[in-house]
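A.B. asks: One structure coming up, written as structure tokens, with questions to follow.
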Amino acid sequence: MRILGGLVYLSLTWNSGAAFSLGTGYTWIFTIVASAVVVFLVLLSRKIVYPGWAIAIGLVLGGAAGNLVDRYFREPGFAHGHVVDFISVFKPFAEAFPIFNLADSALCCGVVLIVLLELTGHGFSPEARKKPAPDGAKADA
């Protein structure tokens, strides 16, 4: 289905691999890694202090969990499921750019936001945001 004047196409596909269909024979490994990432992010989320980090971690967690649900419950079987991808840009069926889904988009946006937060000095913890003491001066304890 063509929408937005051909900028976006809805093209249903199933992806057994990771991004760009890499590792199609290793679906079970992606399931284990994604499960570990989701557990880690849930534990990490308890320590979030800043709203920007809450958004970033939420996007990554939502994206990872969204694809993980497909891995666990879609065909061909438990923990071997294929992720449903359906968004193709510029041309249908990934002719111009790899096909993806909303979980992939959330994950990518979250990672970009994390990189931007770190590069702009908005670290995850209050300690990461402290400015270094000038030379010769004692840092606050």
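Letters A, B, ... mark the chains of the structure tokens in the order given; residue numbers begin at 1 per chain; ligand numbers begin at 1, in order shown.
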Report as a list in words: the residues of range 8-114 of chain A with a DSSP assignment of strand (DSSP E), based on the backbone of this structure.
C.D. replies: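 Residues meeting the strand (DSSP E) criterion: Val8, Tyr9, Leu10, Ser11, Leu12, Thr13, Trp14, Asn15, Val83, Val84, Asp85, Phe86, Ile87, Ser88 and Val89 of chain A.
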A.B. asks: Taking N, CA and C atoms for each residue, export the selection above as a short mmCIF file (atom, residue, chain, number, x, y, z; two decimals), in the first residue's frame.
C.D. replies:
data_model
loop_
_atom_site.label_atom_id
_atom_site.label_comp_id
_atom_site.auth_asym_id
_atom_site.auth_seq_id
_atom_site.Cartn_x
_atom_site.Cartn_y
_atom_site.Cartn_z
N VAL A 8 6.26 6.50 1.62
CA VAL A 8 6.19 5.33 2.48
C VAL A 8 5.28 4.28 1.85
N TYR A 9 5.69 3.05 1.95
CA TYR A 9 4.89 1.91 1.50
C TYR A 9 4.73 0.95 2.66
N LEU A 10 3.55 0.36 2.78
CA LEU A 10 3.33 -0.69 3.75
C LEU A 10 3.48 -2.02 3.03
N SER A 11 4.54 -2.73 3.35
CA SER A 11 4.90 -3.98 2.69
C SER A 11 5.19 -5.03 3.76
N LEU A 12 4.28 -5.99 3.93
CA LEU A 12 4.40 -6.98 4.98
C LEU A 12 5.47 -8.01 4.68
N THR A 13 6.43 -8.16 5.61
CA THR A 13 7.46 -9.19 5.51
C THR A 13 7.75 -9.73 6.90
N TRP A 14 8.40 -10.89 6.96
CA TRP A 14 8.83 -11.49 8.21
C TRP A 14 10.34 -11.61 8.17
N ASN A 15 11.00 -11.16 9.24
CA ASN A 15 12.45 -11.14 9.30
C ASN A 15 12.93 -12.09 10.39
N VAL A 83 10.32 -11.56 13.20
CA VAL A 83 9.80 -10.22 13.47
C VAL A 83 9.03 -9.72 12.26
N VAL A 84 7.88 -9.10 12.51
CA VAL A 84 7.07 -8.54 11.43
C VAL A 84 7.61 -7.16 11.09
N ASP A 85 8.03 -6.98 9.86
CA ASP A 85 8.46 -5.67 9.35
C ASP A 85 7.46 -5.25 8.28
N PHE A 86 7.17 -3.95 8.21
CA PHE A 86 6.14 -3.53 7.28
C PHE A 86 6.30 -2.12 6.72
N ILE A 87 7.31 -1.38 7.14
CA ILE A 87 7.48 -0.01 6.65
C ILE A 87 8.65 0.01 5.67
N SER A 88 8.35 0.41 4.45
CA SER A 88 9.37 0.53 3.41
C SER A 88 9.32 1.97 2.90
N VAL A 89 10.46 2.61 2.82
CA VAL A 89 10.47 4.01 2.37
C VAL A 89 11.00 4.11 0.95
#
A.B. asks: I want to know what sits within 12 Å of Val49 in chain A, based on only C-alpha atoms, with residues of the same chain fewer than 6 positions away left out; could you give that as a PDB file with N, CA and C atoms, in the first residue's frame?
C.D. replies:
ATOM      1  N   ILE A  55      13.132   9.128  28.495  1.00  0.00           N
ATOM      2  CA  ILE A  55      12.621   8.990  27.128  1.00  0.00           C
ATOM      3  C   ILE A  55      13.525   8.065  26.321  1.00  0.00           C
ATOM      4  N   ILE A  57      15.775   5.725  27.300  1.00  0.00           N
ATOM      5  CA  ILE A  57      15.736   4.332  27.762  1.00  0.00           C
ATOM      6  C   ILE A  57      14.373   3.727  27.453  1.00  0.00           C
ATOM      7  N   HIS A 122      25.115  15.608  29.060  1.00  0.00           N
ATOM      8  CA  HIS A 122      23.951  15.301  29.892  1.00  0.00           C
ATOM      9  C   HIS A 122      23.992  13.833  30.274  1.00  0.00           C
ATOM     10  N   GLY A 123      24.987  13.471  31.066  1.00  0.00           N
ATOM     11  CA  GLY A 123      25.203  12.084  31.441  1.00  0.00           C
ATOM     12  C   GLY A 123      24.039  11.469  32.187  1.00  0.00           C
ATOM     13  N   PHE A 124      24.106  10.155  32.307  1.00  0.00           N
ATOM     14  CA  PHE A 124      23.027   9.396  32.936  1.00  0.00           C
ATOM     15  C   PHE A 124      22.884   9.712  34.415  1.00  0.00           C
ATOM     16  N   SER A 125      24.009   9.842  35.104  1.00  0.00           N
ATOM     17  CA  SER A 125      23.965  10.051  36.553  1.00  0.00           C
ATOM     18  C   SER A 125      24.396  11.471  36.908  1.00  0.00           C
ATOM     19  N   PRO A 126      24.013  11.919  38.100  1.00  0.00           N
ATOM     20  CA  PRO A 126      24.458  13.257  38.537  1.00  0.00           C
ATOM     21  C   PRO A 126      25.972  13.374  38.557  1.00  0.00           C
ATOM     22  N   GLU A 127      26.671  12.271  38.901  1.00  0.00           N
ATOM     23  CA  GLU A 127      28.133  12.297  38.939  1.00  0.00           C
ATOM     24  C   GLU A 127      28.712  12.563  37.545  1.00  0.00           C
ATOM     25  N   ALA A 128      28.069  12.046  36.520  1.00  0.00           N
ATOM     26  CA  ALA A 128      28.548  12.231  35.152  1.00  0.00           C
ATOM     27  C   ALA A 128      28.381  13.669  34.692  1.00  0.00           C
ATOM     28  N   ARG A 129      27.515  14.405  35.364  1.00  0.00           N
ATOM     29  CA  ARG A 129      27.259  15.790  34.965  1.00  0.00           C
ATOM     30  C   ARG A 129      28.114  16.802  35.723  1.00  0.00           C
TER      31      ARG A 129
END
A.B. asks: Could you give me, as a CSV table (one decimal) with N, CA, C and O atoms, in the first residue's frame, each residue of chain A that DSSP assigns to alpha helix (DSSP H) when run on this structure's backbone?
C.D. replies:
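And here's selection-v2.csv as it stands now:
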chain,number,residue,atom,x,y,z
A,27,THR,N,18.3,-16.9,15.0
A,27,THR,CA,17.1,-16.2,15.7
A,27,THR,C,17.2,-16.5,17.2
A,27,THR,O,16.9,-15.6,18.0
A,28,TRP,N,17.5,-17.7,17.6
A,28,TRP,CA,17.5,-18.0,19.1
A,28,TRP,C,18.5,-17.1,19.8
A,28,TRP,O,18.3,-16.8,21.0
A,29,ILE,N,19.7,-16.8,19.2
A,29,ILE,CA,20.7,-15.9,19.8
A,29,ILE,C,20.1,-14.5,20.0
A,29,ILE,O,20.3,-13.9,21.0
A,30,PHE,N,19.4,-14.0,19.0
A,30,PHE,CA,18.8,-12.7,19.1
A,30,PHE,C,17.8,-12.7,20.2
A,30,PHE,O,17.6,-11.7,20.9
A,31,THR,N,17.1,-13.8,20.4
A,31,THR,CA,16.1,-13.8,21.5
A,31,THR,C,16.8,-13.8,22.8
A,31,THR,O,16.3,-13.0,23.7
A,32,ILE,N,17.9,-14.5,23.0
A,32,ILE,CA,18.6,-14.4,24.3
A,32,ILE,C,19.2,-13.1,24.5
A,32,ILE,O,19.0,-12.5,25.6
A,33,VAL,N,19.8,-12.5,23.5
A,33,VAL,CA,20.4,-11.1,23.7
A,33,VAL,C,19.3,-10.1,24.0
A,33,VAL,O,19.5,-9.3,24.9
A,34,ALA,N,18.2,-10.1,23.3
A,34,ALA,CA,17.2,-9.1,23.5
A,34,ALA,C,16.5,-9.3,24.9
A,34,ALA,O,16.2,-8.3,25.5
A,35,SER,N,16.4,-10.6,25.3
A,35,SER,CA,15.9,-10.8,26.7
A,35,SER,C,16.8,-10.2,27.7
A,35,SER,O,16.3,-9.6,28.7
A,36,ALA,N,18.1,-10.4,27.6
A,36,ALA,CA,19.1,-9.8,28.5
A,36,ALA,C,19.0,-8.3,28.5
A,36,ALA,O,19.1,-7.6,29.5
A,37,VAL,N,18.9,-7.7,27.3
A,37,VAL,CA,18.8,-6.2,27.2
A,37,VAL,C,17.6,-5.7,27.9
A,37,VAL,O,17.6,-4.7,28.6
A,38,VAL,N,16.5,-6.4,27.7
A,38,VAL,CA,15.2,-5.9,28.3
A,38,VAL,C,15.3,-6.0,29.8
A,38,VAL,O,15.0,-5.0,30.5
A,39,VAL,N,15.8,-7.1,30.3
A,39,VAL,CA,16.0,-7.2,31.8
A,39,VAL,C,17.0,-6.1,32.3
A,39,VAL,O,16.7,-5.4,33.3
A,40,PHE,N,18.1,-5.9,31.6
A,40,PHE,CA,19.0,-4.9,32.0
A,40,PHE,C,18.4,-3.5,32.0
A,40,PHE,O,18.6,-2.7,33.0
A,41,LEU,N,17.6,-3.2,31.0
A,41,LEU,CA,17.0,-1.8,30.9
A,41,LEU,C,15.9,-1.6,31.9
A,41,LEU,O,15.8,-0.5,32.5
A,42,VAL,N,15.2,-2.7,32.3
A,42,VAL,CA,14.2,-2.6,33.3
A,42,VAL,C,14.9,-2.3,34.7
A,42,VAL,O,14.5,-1.4,35.4
A,43,LEU,N,16.0,-3.0,34.9
A,43,LEU,CA,16.7,-2.7,36.2
A,43,LEU,C,17.4,-1.3,36.2
A,43,LEU,O,17.3,-0.6,37.2
A,44,LEU,N,17.9,-0.9,35.0
A,44,LEU,CA,18.5,0.4,34.9
A,44,LEU,C,17.5,1.5,35.0
A,44,LEU,O,17.8,2.6,35.6
A,45,SER,N,16.3,1.3,34.6
A,45,SER,CA,15.3,2.3,34.6
A,45,SER,C,14.9,2.8,36.0
A,45,SER,O,14.4,3.9,36.2
A,51,PRO,N,14.6,13.4,32.8
A,51,PRO,CA,13.6,13.1,31.8
A,51,PRO,C,14.1,12.7,30.4
A,51,PRO,O,13.5,11.8,29.8
A,52,GLY,N,15.2,13.3,30.0
A,52,GLY,CA,15.7,13.0,28.7
A,52,GLY,C,16.2,11.5,28.6
A,52,GLY,O,16.0,10.8,27.6
A,53,TRP,N,16.8,11.1,29.7
A,53,TRP,CA,17.2,9.7,29.8
A,53,TRP,C,16.0,8.7,29.9
A,53,TRP,O,16.0,7.6,29.4
A,54,ALA,N,14.9,9.2,30.6
A,54,ALA,CA,13.7,8.3,30.7
A,54,ALA,C,13.2,8.1,29.3
A,54,ALA,O,12.8,7.0,29.0
A,55,ILE,N,13.1,9.1,28.5
A,55,ILE,CA,12.6,9.0,27.1
A,55,ILE,C,13.5,8.1,26.3
A,55,ILE,O,13.0,7.2,25.6
A,56,ALA,N,14.8,8.3,26.4
A,56,ALA,CA,15.8,7.5,25.6
A,56,ALA,C,15.7,6.0,26.0
A,56,ALA,O,15.6,5.1,25.1
A,57,ILE,N,15.8,5.7,27.3
A,57,ILE,CA,15.7,4.3,27.8
A,57,ILE,C,14.4,3.7,27.5
A,57,ILE,O,14.3,2.5,27.1
A,58,GLY,N,13.3,4.5,27.6
A,58,GLY,CA,12.0,4.0,27.2
A,58,GLY,C,11.9,3.6,25.8
A,58,GLY,O,11.2,2.6,25.4
A,59,LEU,N,12.4,4.4,24.9
A,59,LEU,CA,12.4,4.1,23.5
A,59,LEU,C,13.2,2.8,23.2
A,59,LEU,O,12.7,1.9,22.4
A,60,VAL,N,14.4,2.7,23.7
A,60,VAL,CA,15.2,1.5,23.5
A,60,VAL,C,14.5,0.3,24.1
A,60,VAL,O,14.4,-0.8,23.5
A,61,LEU,N,14.0,0.4,25.3
A,61,LEU,CA,13.3,-0.7,26.0
A,61,LEU,C,12.0,-1.1,25.2
A,61,LEU,O,11.8,-2.3,25.0
A,62,GLY,N,11.2,-0.1,24.8
A,62,GLY,CA,10.0,-0.4,24.0
A,62,GLY,C,10.4,-1.1,22.7
A,62,GLY,O,9.7,-2.1,22.3
A,63,GLY,N,11.4,-0.6,22.0
A,63,GLY,CA,11.8,-1.2,20.7
A,63,GLY,C,12.3,-2.7,20.9
A,63,GLY,O,11.9,-3.6,20.2
A,64,ALA,N,13.1,-2.9,21.9
A,64,ALA,CA,13.6,-4.2,22.2
A,64,ALA,C,12.5,-5.2,22.6
A,64,ALA,O,12.4,-6.3,22.1
A,65,ALA,N,11.7,-4.7,23.5
A,65,ALA,CA,10.6,-5.6,23.9
A,65,ALA,C,9.6,-5.8,22.8
A,65,ALA,O,9.0,-7.0,22.7
A,66,GLY,N,9.3,-4.9,22.0
A,66,GLY,CA,8.4,-5.1,20.8
A,66,GLY,C,8.8,-6.2,19.9
A,66,GLY,O,8.1,-7.1,19.5
A,67,ASN,N,10.1,-6.1,19.5
A,67,ASN,CA,10.6,-7.2,18.7
A,67,ASN,C,10.8,-8.5,19.4
A,67,ASN,O,10.6,-9.6,18.8
A,68,LEU,N,11.0,-8.4,20.7
A,68,LEU,CA,11.2,-9.7,21.5
A,68,LEU,C,9.8,-10.4,21.6
A,68,LEU,O,9.8,-11.7,21.5
A,69,VAL,N,8.7,-9.7,21.6
A,69,VAL,CA,7.4,-10.4,21.6
A,69,VAL,C,7.3,-11.2,20.4
A,69,VAL,O,6.8,-12.4,20.4
A,70,ASP,N,7.7,-10.6,19.2
A,70,ASP,CA,7.6,-11.4,18.0
A,70,ASP,C,8.5,-12.6,18.0
A,70,ASP,O,8.1,-13.7,17.6
A,71,ARG,N,9.7,-12.4,18.6
A,71,ARG,CA,10.7,-13.6,18.7
A,71,ARG,C,10.1,-14.7,19.5
A,71,ARG,O,10.3,-15.9,19.2
A,72,TYR,N,9.4,-14.4,20.6
A,72,TYR,CA,8.9,-15.4,21.4
A,72,TYR,C,7.6,-16.1,20.9
A,72,TYR,O,7.4,-17.3,21.1
A,73,PHE,N,6.7,-15.3,20.3
A,73,PHE,CA,5.4,-15.8,20.0
A,73,PHE,C,5.0,-16.0,18.6
A,73,PHE,O,3.9,-16.6,18.3
A,102,LEU,N,7.9,-0.3,13.7
A,102,LEU,CA,7.9,0.8,14.7
A,102,LEU,C,8.8,0.5,15.8
A,102,LEU,O,9.5,1.4,16.3
A,103,ALA,N,9.0,-0.8,16.2
A,103,ALA,CA,9.9,-1.1,17.3
A,103,ALA,C,11.3,-0.8,16.8
A,103,ALA,O,12.1,-0.2,17.6
A,104,ASP,N,11.7,-1.1,15.6
A,104,ASP,CA,13.0,-0.7,15.1
A,104,ASP,C,13.2,0.8,15.1
A,104,ASP,O,14.3,1.3,15.5
A,105,SER,N,12.2,1.5,14.8
A,105,SER,CA,12.3,3.0,14.8
A,105,SER,C,12.5,3.5,16.2
A,105,SER,O,13.4,4.4,16.4
A,106,ALA,N,11.8,3.0,17.1
A,106,ALA,CA,11.9,3.4,18.5
A,106,ALA,C,13.3,3.1,19.0
A,106,ALA,O,13.9,4.0,19.7
A,107,LEU,N,13.8,1.9,18.7
A,107,LEU,CA,15.1,1.5,19.2
A,107,LEU,C,16.2,2.4,18.6
A,107,LEU,O,17.1,2.9,19.4
A,108,CYS,N,16.1,2.7,17.3
A,108,CYS,CA,17.1,3.6,16.7
A,108,CYS,C,17.1,5.0,17.3
A,108,CYS,O,18.1,5.6,17.6
A,109,CYS,N,15.9,5.5,17.4
A,109,CYS,CA,15.7,6.9,18.0
A,109,CYS,C,16.2,7.0,19.4
A,109,CYS,O,16.9,7.9,19.8
A,110,GLY,N,16.0,5.9,20.2
A,110,GLY,CA,16.5,5.9,21.6
A,110,GLY,C,18.0,5.9,21.6
A,110,GLY,O,18.6,6.6,22.4
A,111,VAL,N,18.6,5.1,20.8
A,111,VAL,CA,20.1,5.0,20.7
A,111,VAL,C,20.7,6.3,20.3
A,111,VAL,O,21.6,6.8,20.9
A,112,VAL,N,20.1,7.0,19.3
A,112,VAL,CA,20.6,8.3,18.8
A,112,VAL,C,20.4,9.3,20.0
A,112,VAL,O,21.3,10.1,20.2
A,113,LEU,N,19.3,9.3,20.7
A,113,LEU,CA,19.1,10.2,21.8
A,113,LEU,C,20.1,9.9,22.9
A,113,LEU,O,20.7,10.9,23.5
A,114,ILE,N,20.5,8.7,23.2
A,114,ILE,CA,21.5,8.4,24.2
A,114,ILE,C,22.8,9.0,23.8
A,114,ILE,O,23.5,9.6,24.6
A,115,VAL,N,23.2,8.8,22.6
A,115,VAL,CA,24.5,9.3,22.1
A,115,VAL,C,24.5,10.8,22.2
A,115,VAL,O,25.5,11.4,22.6
A,116,LEU,N,23.4,11.5,21.8
A,116,LEU,CA,23.3,12.9,21.9
A,116,LEU,C,23.4,13.4,23.3
A,116,LEU,O,24.1,14.4,23.6
A,117,LEU,N,22.7,12.7,24.2
A,117,LEU,CA,22.8,13.1,25.6
A,117,LEU,C,24.2,13.0,26.2
A,117,LEU,O,24.7,13.9,26.9
A,118,GLU,N,24.9,12.0,25.8
A,118,GLU,CA,26.3,11.8,26.3
A,118,GLU,C,27.2,12.8,25.6
A,118,GLU,O,28.0,13.4,26.3
A,119,LEU,N,27.1,13.1,24.3
A,119,LEU,CA,27.9,14.0,23.7
A,119,LEU,C,27.7,15.5,24.1
A,119,LEU,O,28.6,16.3,24.0
A.B. asks: At a cut-off of 8 Å, using only C-alpha atoms, what residues contact Gly17 in chain A? Leave out same-chain residues fewer than 3 positions from it and give the result as a ChimeraX atom specification.
C.D. replies: /A:20-27,30,82
A.B. asks: Record the distance separating CA of Pro76 in chain A and CA of Pro92 in chain A, expressed in Å with one decimal.
C.D. replies: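 Here the two named atoms are 25.0 Å from each other.
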A.B. asks: Just to confirm, what's the straight-line distance from CA of Phe97 in chain A to CA of Gly5 in chain A in Å (one decimal)?
C.D. replies: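 Between CA of Phe97 in chain A and CA of Gly5 in chain A the gap is 16.7 Å.
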